[in-house]
Each structure stands twice: as structure tokens, then as C-alpha cells.
Amino acid sequence: MAWAVIPPEPQPVVAPHLTDYSTIRAGFSWDAARGWLDGLPDGGLNIVHEAVDRHVAQGRGARVALRFLGEGGVDRELTYAELAEQTARFADVLAGLGIGRGDRVFGLMGRLPDLYVAILGTLRRGAVFCPLFSAFGPEPVRQRLQLGHGRVLVTTPSLYRRKVAPIRDEVPDLEAVLLSGGGPGAADVPGGRDLAALLAAASPGGAVAATTAEDPALLHFTSGTTGRPKGAVHVHGAVVAHHMTARYVLDLHDDDVFWCTADPGWVTGTSYGVVAPLTCGVTCVVDEAELDVDRWYRILEEQRVTVWYTAPTALRMLMKAGVERVAGHDLSHVRHIASVGEPLNPEVVVWGQEAFGRPVHDTWWQTETGAIMIANYPGVEIRPGSMGRPVPGIEAALVARDADAKPLRTPDGGPVFVTDPDVEGELSLRAPWPSMMRAYLDEPERYAKAFVGEWYLTGDLARRDADGWFWFVGRGDDVIKSAGHLIGPFEVESALMEHPAVAEAGAIGVPDPMAGEVVKAFVALRPAYQASDELRLELIGFGRKRLGPAVAPRDIAFQQDLPKTRSGKIMRRLLKARELGLPEGDLSTLEGTSEGARQ
Ligand code: 6R9
């Protein structure tokens with residue numbers, strides 16, 4: 001006889017943490033938010049104490065911290081107590097390798113338990129963790145390992161073979177390669193060690209390092225318009241902003257089951273896929289697999305996810321698959337849905353309402369800001385298409401720009417603010433706040449350039465309406481956002497130029513209904529080469545091999561007279577305007593010859 005199915009219990013109504021935006025904002029202070037966390041004796045602060053150990057100390061060690069859903073259906077859980085033990089073992093492994101405070105440990109792995117243990121174990125040791133996206137090719141991996149002077153890399157044998165082995169000779173700082181799931185292969189890898197064996201032999205009981213709030217914790221590379229990737233340095237003190245936004249924006253309550261779909265290779269996946277939710281003591285779902293419509297609905301249902309943080313590209317893909325795919329799944333426990341990373345179209349906000357009975361709450365932030373800065377809050381009205389209003393403790397403003405897109409300054413050097421409603425300006429935030437990056441690694445001048453006085457310039461253009469809601473307008477620079485991933489055009493161009501046929505290259509983002517933008521490159525050939533379909537495909541393949549699918553151009557076009565400024569820089573803005581049939585704008589800096597050639 002089969003047992004009768006027991007219907008799910010009615011969900012208790014959960015009151016949002018942020019009930020009245022204006023009152024909470026007015027009464028907020030970062031000092032008070034610091035008090036929501038434990039801190040270490042002597043005024044220190046360590047992310048892992050707040051995210052792991054303190055829950056164990058408070059008797060919540062048996063709660064599941066991370067629930068991993070494997071690609072092949074193999075599931076594994078780590079409770080808070082197990083996470084404390086595993087991260088202590090990892091920290092001890094690092095100690096054995098001579099890695100201490102401030103040393104850099106890199107990760108290049110899919111969303112597997114060892115990655116999470118490595119991230120938190122590194123922070124526990126007081127060393128600095130730098131995640132690399134597993135869909136990067138050898139070139140982005142080489143550049144980041146070199147710039148960050150990575151001494152240890154945690155990866156799998158297969159990723160090592162494909163992405164690290166080709167560039168191994170160019171990263172001499174790399175001493176140890178800890179192979180996850182890789183006992184037998186370790187002997188063939190220079191510096192290779194079997195991570196499982198090391199963890200098994202390590203001590204499980206070590207305390208967290210006595211870091212201060214200003215000790216570096218995470219290094220996230222991000223892309224600018226020109227030059228090499230920028231290493232945004234974040235400190236342990238950032239955890240105050242992670243925790244605060246996890247409560248007020250993601251509305252995490254102690255018993256929540258939280259699913260952040262972002263990969264820890266990007267800032268959302270570490271800040272909100274690891275640190276922020278664990279500081280709240282919730283259970284995090286981690287799916288190893290890539291987006292699959294039915295799998296995702298199944299995960300939401302079976303894992304009884306209550307709070308879901310995802311991205312517009314993913315939501316657009318779900319929306320395209322049709323609302324009927326949701327039917328038949330009981331998603332009544334999903335209490336709050338938020339998204340980040342790219343503009344969230346109003347249709348998607350509203351579709352959330354239809355599909356899940358919940359609108360999607362847009363949130364805005366950047367690698368540099370470390371945590372959510374502008375948001376829509378549960379329990380507060382949503383204006384579909386708006387990013388919302390600044391989080392408590394954050395002051396946002398719009399700075400006017402001159403014709404060269406430089407910030408306008410007052411005679412005493414401060415920024416000129418846009419004060420009228422609905423007028424465009426550069427979105428800027430008043431520093432400091434706990435999760436603000438403390439540096440671009442080894443590039444103090446680049447860091448200084450991101451500020452006017454105490455105002456950090458984000459590079460995004462936005463408007464503010466009369467009631468203080470912010471509306472995204474676009475990037476103020478040439479950086480490309482594809483499927484939520486930030487891509488530097490210079491990185492793409494440099495890789496293409498290593499092909500013998502390529503004399504010059506210009507990369508832009510072109511609109512795509514799913515990914516927001518996809519990368520397209522325009523290439524001028526060296527004299528001995530002829531444009532052909534064959535060469536185009538070869539270059540696309542070359543880009544993919546070097547850069548990896550996350551960064552490589554989707555399309556390549558040949559164009560001998562790439563528009564350039566008189567100083568010889570390729571005018572991506574003009575390439576883009578021409579590609580999209582938009583007004584070409586100010587051409588006064590255009591180099592005479594190429595413009596002449598078009599006339
Ligand atoms: C967290 C993250 C930052 C850039 C940012 C902006 C774009 C992020 C957005 C958004 C429109 C939103 N962006 N959130 N654009 N609406 N809600 O994505 O960090 O990878 O550094 O990208 O992403 O252009 O400046 P990061």
C-alpha cells in the first residue's frame with residue numbers, strides 16, 4: 001500500500017527585515033551593522049568566523065551550510081560543523097605549504113565542494129583567495145595568475161591540462177597545484193599534489209587567523225576599457241556589508257534555503273554564493289550544472305528554495321521556454337526573487353509575477369563595490385525597469401560629464417552633481433563603505449582615477465527620478481556585459497592580435513535578446529592575408545581556444561579601415577554606432593584617413 005502524500009504545510013508568513021525603507025535608512029549606521037556580527041577578540045574580524053565558526057559556537061553546527069547538487073546527480077552536504085572542520089584542514093594544508101597572511105591562493109574549478117572549502121579555508125588562514133572562472137581559456141588564466149602572483153592554485157586535473165598546462169612556464173610564482181579529485185594525475189603536474197590526501201592528513205581543529213577588518217581577503221579581477229584586468233582587492237571588513245545586504249536586500253532569515261545561481265568565478269558567486277548567506281546561517285544550494293530549464297524548476301521545487309538570487313539572462317531564458325514549464329511545480333515556498341549583473345527588463349519583472357507569483361527584484365552593484373549598492377526590497381513597491389534605491393549606509397549620486405566623458409569638477413576639484421530628476425549622469429557612490437575595494441592591485445594611479453574627491457565613479461550612466469529611484473542607462477565606457485559577465489574589449493583584441501593574420505582588432509558588444517550583449521570583433525588583416533569565411537572561422541576558433549567560451553567573440557567581421565582617433569586608438573564607440581546604425585556622434589577626434597576613406 002502506498003502512503004498518502006502529505007501536502008506541504010502552509011508556509012508561515014515571514015515579515016521582511018526591511019519594513020520601512022526611509023526609517024531604516026535614516027536610523028542606519030555601519031557601526032551598528034558591525035555589531036550584528038561577532039568580531040574576533042582584540043577588535044579583529046575574519047569572514048570565516050562570521051560565516052562558519054560562530055554558527056557552530058552558537059549550537060547550529062548540525063545545520064546544512066552547503067548542499068551540492070552534482071551534474072550526474074551525486075549530492076553532497078556540508079554542515080556548518082563540517083565546514084569548520086574542512087576549512088581548518090585546508091588552512092592547515094596551506095600552512096604546510098608555507099602560505100600565510102596576504103599570500104595569494106587561486107581557484108579554477110567548477111562549483112564543487114573543494115572550491116568552497118578552498119575559498120573559506122584560504123580566508124581562515126588569513127591568505128587571499130582569487131577565483132578564476134572555469135570557462136576562461138589559458139590566456140585570461142595566465143594573465144590573472146601572473147598579475148596576482150598566485151603561489152597556490154586549486155583546480156582539477158582536467159582543467160589543469162586544458163587551461164594551465166599550456167601557460168605553466170609563464171607563471172613562475174606558482175609553487176603548488178592542489179588537484180581536486182586528482183590523486184593519480186598529481187605526479188605529472190609540476191608542483192602537483194592530491195588535495196584529498198592533503199586534507200585527510202591535515203589538522204582539523206585550527207582557529208581562524210587573527211585578521212583585522214583591513215586585512216585583504218579576496219582578489220577579484222575585473223575588466224576595464226583599456227589595459228590589463230584590474231585586481232579589485234577586498235578586505236575581511238567587507239563581511240559587514242555582505243551580511244547587512246543579505247538581511248535587508250535578500251531578506252535572508254535563519255531558516256531560509258537560498259540559491260544563488262552565480263559562479264564563484266565572478267564576484268556575485270563569492271559575495272552572495274558563499275560569504276553573505278553563510279553569515280546568516282542559512283542553507284545554500286549549489287548546482288554544479290549549467291542552466292537547464294526543467295532542472296532549475298526541479299531544484300527550486302525539490303530543494304524548497306525560499307530565496308533565489310539569479311541573473312537577467314537566466315530569467316530571460318526561463319521566460320522564453322514559456323510559463324507553462326513552471327506549471328506542475330510547487331514553488332509556493334519561493335518567498336523572494338532578486339537578480340543582478342545586467343539590466344533587468346521590466347517584462348521579466350512582471351513575468352516573475354505571472355510565473356512565480358513574485359516579481360523579480362533588481363539589484364545593482366559591481367566587483368569594485370563588493371556588495372549590493374542599489375536595490376529593490378521585498379515588501380516595498382517595485383517600479384519595473386528601475387534598479388531601486390541605495391541600500392542603507394550608501395549615498396549614491398549622478399556626476400555630470402563633459403564632452404570627453406570625463407567627470408565635471410567644481411573649481412575646488414569636487415564633482416558637479418546632476419540634481420534635476422530624470423537627467424543622465426555617471427552613477428557615483430560616496431566612499432568609504434565596508435565592502436569598497438581598497439585598491440586595484442599594484443595600480444595606485446588607476447585606483448585614484450576612479451574617484452573625484454570622496455566619490456567613487458562607477459563607469460555606469462543612470463538617471464534618478466523625482467522620488468530617488470535609480471534607472472540604468474548604459475555603460476559609460478566600452479566594457480562589454482555578456483550573460484552578466486564583464487568582458488574587457490582590450491583583452492579580446494590583444495588575444496586576436498596574436499594570430500599571424502591579424503593586424504588590428506576592435507571588440508564591441510552587440511545587442512542579443514538573451515545574453516544582453518555578445519562580443520563581436522572587427523579585424524584588419526595583415527597584407528599577406530585575404531578575408532574569407534575560412535579565415536573568419538579560424539579566428540573565431542582561435543579566440544575560443546585562447547580566451548575560453550566566456551570571453552571569446554561570438555562573431556568576427558573583416559574591416560581594413562578600422563576607425564581610429566588621431567592618436568591611433570580604435571574608436572569602438574564608432575564601430576558600435578555603425579554596426580547598430582545609430583548616430584555616429586562627435587567625430588572631431590577621428591583620424592582623417594579612415595573617415596576620408598568612407599566619404
Ligand atoms: C555584480 C556584478 C558590474 C557592471 C555594472 C553594470 C552592470 C550590474 C546591474 C547592471 C544594469 C543592474 N550591472 N548590475 N546593469 N542593472 N541591476 O555584476 O559585477 O561583473 O563587476 O559588473 O554590471 O554595468 O557596472 P561586475
# chains A, B, ... in the order shown; residues from 1 in each chain; ligands from 1
>>> select_by_dssp(residues="stretch 120-234 of chain A", states="alpha helix (DSSP H)", output="compact mmCIF listing (two decimals) with C-alpha atoms, in the first residue's frame")
# COMPACT_ATOMS: atom_id res chain seq x y z
CA LEU A 120 36.84 29.66 3.07
CA GLY A 121 39.95 27.71 4.09
CA THR A 122 42.14 30.36 2.47
CA LEU A 123 40.35 33.15 4.34
CA ARG A 124 40.62 31.14 7.54
CA ARG A 125 44.37 31.04 7.05
CA PRO A 138 44.53 29.74 -20.91
CA GLU A 139 45.10 33.41 -21.75
CA PRO A 140 42.86 35.01 -19.07
CA VAL A 141 44.16 32.40 -16.61
CA ARG A 142 47.80 33.23 -17.38
CA GLN A 143 47.28 36.95 -17.12
CA ARG A 144 45.48 36.82 -13.78
CA LEU A 145 47.87 34.31 -12.21
CA GLN A 146 50.79 36.47 -13.30
CA LEU A 147 49.32 39.77 -12.14
CA GLY A 148 48.20 38.29 -8.84
CA PRO A 157 43.30 17.55 -13.41
CA SER A 158 41.18 18.19 -16.49
CA LEU A 159 41.06 21.98 -16.07
CA LEU A 195 44.16 17.67 -2.43
CA ALA A 196 42.12 14.84 -0.88
CA ALA A 197 45.24 13.23 0.56
CA LEU A 198 46.49 16.54 1.93
CA LEU A 199 43.14 17.31 3.55
CA ALA A 200 42.94 13.86 5.10
CA ALA A 201 46.36 14.26 6.68
>>> residues_near_ligand(ligand="ligand 1", cutoff="6 Å", atoms="only C-alpha atoms and all ligand atoms", output="list in words")
Thr268, Val340, Gly341, Glu342, Pro343, Leu344, Asp362, Thr363, Trp364, Trp365, Gln366, Thr367, Met387, Asp460, Phe472, Arg475, His485 and Leu486 of chain A
>>> residues_around(residues="A:Leu535", least_positions_apart="5", cutoff="12 Å", atoms="only C-alpha atoms", output="list in words")
His499, Pro500, Ala501, Val502, Val523, Leu525, Tyr529, Gln530, Ile540, Gly541, Phe542, Ile556, Ala557 and Phe558 of chain A
>>> closest_residue(among="A:Pro16, A:Gly509, A:Gly231, A:Pro41", to="A:Leu441", atoms="only C-alpha atoms")
A:Gly231
>>> closest_residue(among="A:Arg89, A:His17, A:Arg76, A:His242", to="A:Ser435", atoms="only C-alpha atoms")
A:His242
>>> closest_atom_pairs(of="stretch 224-330 of chain A", to="stretch 45-65 of chain A", cutoff="10 Å", atoms="only C-alpha atoms", output="Markdown table")
| residue | atom | partner | partner_atom | distance |
| --- | --- | --- | --- | --- |
| A:Val235 | CA | A:Ile47 | CA | 9.1 |
| A:His236 | CA | A:Asn46 | CA | 5.6 |
| A:Gly237 | CA | A:Leu45 | CA | 6.6 |
| A:Ala238 | CA | A:Ile47 | CA | 8.3 |
| A:Val239 | CA | A:Ile47 | CA | 6.0 |
| A:Val240 | CA | A:Ile47 | CA | 9.1 |
| A:His242 | CA | A:Ile47 | CA | 9.9 |
| A:His243 | CA | A:Glu50 | CA | 9.2 |
| A:Asp255 | CA | A:Arg63 | CA | 9.5 |
| A:Val257 | CA | A:Ala65 | CA | 9.5 |
| A:Val274 | CA | A:Ala51 | CA | 8.5 |
| A:Val275 | CA | A:Ala51 | CA | 6.2 |
| A:Ala276 | CA | A:Ala51 | CA | 7.6 |
| A:Pro277 | CA | A:Ala51 | CA | 7.9 |
| A:Leu278 | CA | A:Ala51 | CA | 4.7 |
| A:Thr279 | CA | A:Ala51 | CA | 4.0 |
| A:Cys280 | CA | A:Ala51 | CA | 7.4 |
| A:Gly281 | CA | A:His55 | CA | 6.5 |
| A:Val282 | CA | A:Ala65 | CA | 6.4 |
| A:Thr283 | CA | A:Ala65 | CA | 4.7 |
| A:Cys284 | CA | A:Ala65 | CA | 6.0 |
| A:Val285 | CA | A:Ala65 | CA | 8.6 |
>>> write_last_selection(atoms="all heavy atoms", output="compact mmCIF listing (two decimals), in the first residue's frame")
# COMPACT_ATOMS: atom_id res chain seq x y z
N VAL A 235 38.65 43.39 1.54
CA VAL A 235 39.17 43.07 2.88
C VAL A 235 38.13 42.29 3.70
O VAL A 235 36.96 42.20 3.33
CB VAL A 235 39.56 44.37 3.63
CG1 VAL A 235 40.72 45.07 2.92
CG2 VAL A 235 38.36 45.30 3.78
N HIS A 236 38.60 41.75 4.81
CA HIS A 236 37.69 40.99 5.69
C HIS A 236 36.52 41.84 6.17
O HIS A 236 35.41 41.33 6.37
CB HIS A 236 38.46 40.41 6.88
CG HIS A 236 39.20 39.15 6.52
ND1 HIS A 236 38.64 37.91 6.60
CD2 HIS A 236 40.45 38.96 6.03
CE1 HIS A 236 39.50 36.99 6.19
NE2 HIS A 236 40.62 37.61 5.84
N GLY A 237 36.76 43.14 6.35
CA GLY A 237 35.70 44.03 6.83
C GLY A 237 34.49 44.08 5.90
O GLY A 237 33.41 44.50 6.31
N ALA A 238 34.66 43.65 4.64
CA ALA A 238 33.55 43.66 3.67
C ALA A 238 32.37 42.83 4.17
O ALA A 238 31.22 43.06 3.78
CB ALA A 238 34.03 43.12 2.32
N VAL A 239 32.66 41.90 5.06
CA VAL A 239 31.61 40.99 5.53
C VAL A 239 30.46 41.76 6.21
O VAL A 239 29.31 41.29 6.22
CB VAL A 239 32.22 39.90 6.46
CG1 VAL A 239 32.70 40.48 7.78
CG2 VAL A 239 31.24 38.77 6.68
N VAL A 240 30.76 42.94 6.72
CA VAL A 240 29.70 43.75 7.35
C VAL A 240 28.66 44.14 6.30
O VAL A 240 27.45 44.06 6.54
CB VAL A 240 30.31 45.00 8.02
CG1 VAL A 240 29.22 45.90 8.59
CG2 VAL A 240 31.31 44.60 9.09
N HIS A 242 28.26 42.56 3.36
CA HIS A 242 27.63 41.33 2.85
C HIS A 242 26.45 40.92 3.75
O HIS A 242 25.37 40.61 3.28
CB HIS A 242 28.65 40.19 2.81
CG HIS A 242 29.73 40.42 1.81
ND1 HIS A 242 31.05 40.11 2.03
CD2 HIS A 242 29.69 40.96 0.58
CE1 HIS A 242 31.77 40.43 0.97
NE2 HIS A 242 30.96 40.96 0.08
N HIS A 243 26.72 40.94 5.05
CA HIS A 243 25.70 40.49 5.98
C HIS A 243 24.50 41.45 5.98
O HIS A 243 23.35 41.01 5.92
CB HIS A 243 26.31 40.38 7.39
CG HIS A 243 25.35 39.83 8.39
ND1 HIS A 243 24.95 38.51 8.37
CD2 HIS A 243 24.70 40.40 9.43
CE1 HIS A 243 24.10 38.30 9.36
NE2 HIS A 243 23.93 39.43 10.01
N ASP A 255 16.18 30.38 8.77
CA ASP A 255 15.77 29.07 8.28
C ASP A 255 15.65 29.00 6.76
O ASP A 255 15.13 28.01 6.22
CB ASP A 255 14.43 28.67 8.92
CG ASP A 255 14.61 28.50 10.42
OD1 ASP A 255 15.71 28.09 10.84
OD2 ASP A 255 13.65 28.82 11.17
N VAL A 257 16.30 28.56 2.76
CA VAL A 257 17.10 27.79 1.81
C VAL A 257 17.34 28.75 0.65
O VAL A 257 16.39 29.21 0.01
CB VAL A 257 16.35 26.54 1.33
CG1 VAL A 257 17.18 25.81 0.27
CG2 VAL A 257 16.05 25.63 2.50
N VAL A 274 28.62 32.52 -1.41
CA VAL A 274 29.37 31.93 -0.30
C VAL A 274 29.24 32.80 0.96
O VAL A 274 28.58 32.41 1.93
CB VAL A 274 30.88 31.75 -0.66
CG1 VAL A 274 31.59 30.98 0.45
CG2 VAL A 274 31.06 31.03 -2.00
N VAL A 275 29.85 33.98 0.94
CA VAL A 275 30.04 34.73 2.19
C VAL A 275 28.71 35.20 2.81
O VAL A 275 28.39 34.85 3.95
CB VAL A 275 30.97 35.95 1.95
CG1 VAL A 275 31.09 36.77 3.23
CG2 VAL A 275 32.35 35.48 1.48
N ALA A 276 27.96 36.01 2.05
CA ALA A 276 26.79 36.66 2.65
C ALA A 276 25.77 35.67 3.23
O ALA A 276 25.36 35.80 4.38
CB ALA A 276 26.12 37.59 1.62
N PRO A 277 25.35 34.65 2.46
CA PRO A 277 24.33 33.75 3.03
C PRO A 277 24.84 32.97 4.23
O PRO A 277 24.09 32.73 5.18
CB PRO A 277 23.99 32.82 1.86
CG PRO A 277 25.14 32.91 0.91
CD PRO A 277 25.69 34.29 1.07
N LEU A 278 26.12 32.56 4.20
CA LEU A 278 26.63 31.78 5.33
C LEU A 278 26.69 32.64 6.59
O LEU A 278 26.49 32.12 7.69
CB LEU A 278 28.01 31.19 5.00
CG LEU A 278 28.03 30.13 3.87
CD1 LEU A 278 29.45 29.61 3.66
CD2 LEU A 278 27.08 28.97 4.14
N THR A 279 26.92 33.94 6.44
CA THR A 279 26.90 34.77 7.66
C THR A 279 25.51 34.78 8.29
O THR A 279 25.37 35.12 9.47
CB THR A 279 27.31 36.24 7.40
OG1 THR A 279 26.33 36.86 6.56
CG2 THR A 279 28.69 36.35 6.78
N CYS A 280 24.49 34.44 7.51
CA CYS A 280 23.12 34.39 8.05
C CYS A 280 22.76 33.00 8.56
O CYS A 280 21.65 32.79 9.07
CB CYS A 280 22.12 34.82 6.98
SG CYS A 280 22.34 36.51 6.42
N GLY A 281 23.64 32.04 8.36
CA GLY A 281 23.39 30.69 8.88
C GLY A 281 22.36 29.90 8.08
O GLY A 281 21.79 28.94 8.59
N VAL A 282 22.12 30.28 6.84
CA VAL A 282 21.10 29.59 6.05
C VAL A 282 21.71 28.37 5.36
O VAL A 282 22.92 28.14 5.43
CB VAL A 282 20.49 30.54 4.98
CG1 VAL A 282 19.95 31.79 5.63
CG2 VAL A 282 21.52 30.88 3.90
N THR A 283 20.87 27.61 4.67
CA THR A 283 21.35 26.53 3.82
C THR A 283 21.44 27.04 2.39
O THR A 283 20.47 27.55 1.84
CB THR A 283 20.38 25.32 3.87
OG1 THR A 283 20.43 24.78 5.20
CG2 THR A 283 20.78 24.25 2.87
N CYS A 284 22.64 26.90 1.78
CA CYS A 284 22.83 27.34 0.40
C CYS A 284 22.79 26.13 -0.52
O CYS A 284 23.47 25.14 -0.27
CB CYS A 284 24.19 27.98 0.21
SG CYS A 284 24.44 29.43 1.21
N VAL A 285 22.03 26.27 -1.59
CA VAL A 285 22.02 25.24 -2.63
C VAL A 285 23.07 25.64 -3.67
O VAL A 285 23.15 26.80 -4.06
CB VAL A 285 20.62 25.18 -3.30
CG1 VAL A 285 20.64 24.28 -4.51
CG2 VAL A 285 19.59 24.72 -2.28
>>> decode(residues="stretch 18-48 of chain A", atoms="C-alpha atoms", output="CSV table (one decimal), in the first residue's frame")
chain,number,residue,atom,x,y,z
A,18,LEU,CA,13.4,45.9,5.9
A,19,THR,CA,9.9,47.0,6.5
A,20,ASP,CA,10.1,50.8,6.0
A,21,TYR,CA,12.9,51.9,3.7
A,22,SER,CA,13.1,55.5,4.8
A,23,THR,CA,13.0,54.8,8.5
A,24,ILE,CA,15.6,52.1,8.4
A,25,ARG,CA,17.8,54.1,6.1
A,26,ALA,CA,17.6,57.1,8.5
A,27,GLY,CA,18.4,55.1,11.5
A,28,PHE,CA,21.2,53.0,10.0
A,29,SER,CA,24.9,53.2,10.8
A,30,TRP,CA,27.8,50.9,9.7
A,31,ASP,CA,28.9,50.8,13.3
A,32,ALA,CA,25.6,49.3,14.3
A,33,ALA,CA,25.8,46.8,11.5
A,34,ARG,CA,29.2,45.8,12.7
A,35,GLY,CA,27.5,44.9,15.9
A,36,TRP,CA,25.3,42.3,14.1
A,37,LEU,CA,28.5,40.2,13.8
A,38,ASP,CA,30.8,38.7,16.4
A,39,GLY,CA,34.2,40.1,15.6
A,40,LEU,CA,37.3,38.5,16.9
A,41,PRO,CA,38.9,39.2,20.3
A,42,ASP,CA,41.0,42.4,20.2
A,43,GLY,CA,38.8,44.0,17.6
A,44,GLY,CA,39.8,41.7,14.7
A,45,LEU,CA,37.4,40.5,12.0
A,46,ASN,CA,37.6,37.3,9.9
A,47,ILE,CA,35.0,36.4,7.3
A,48,VAL,CA,35.2,32.7,8.2
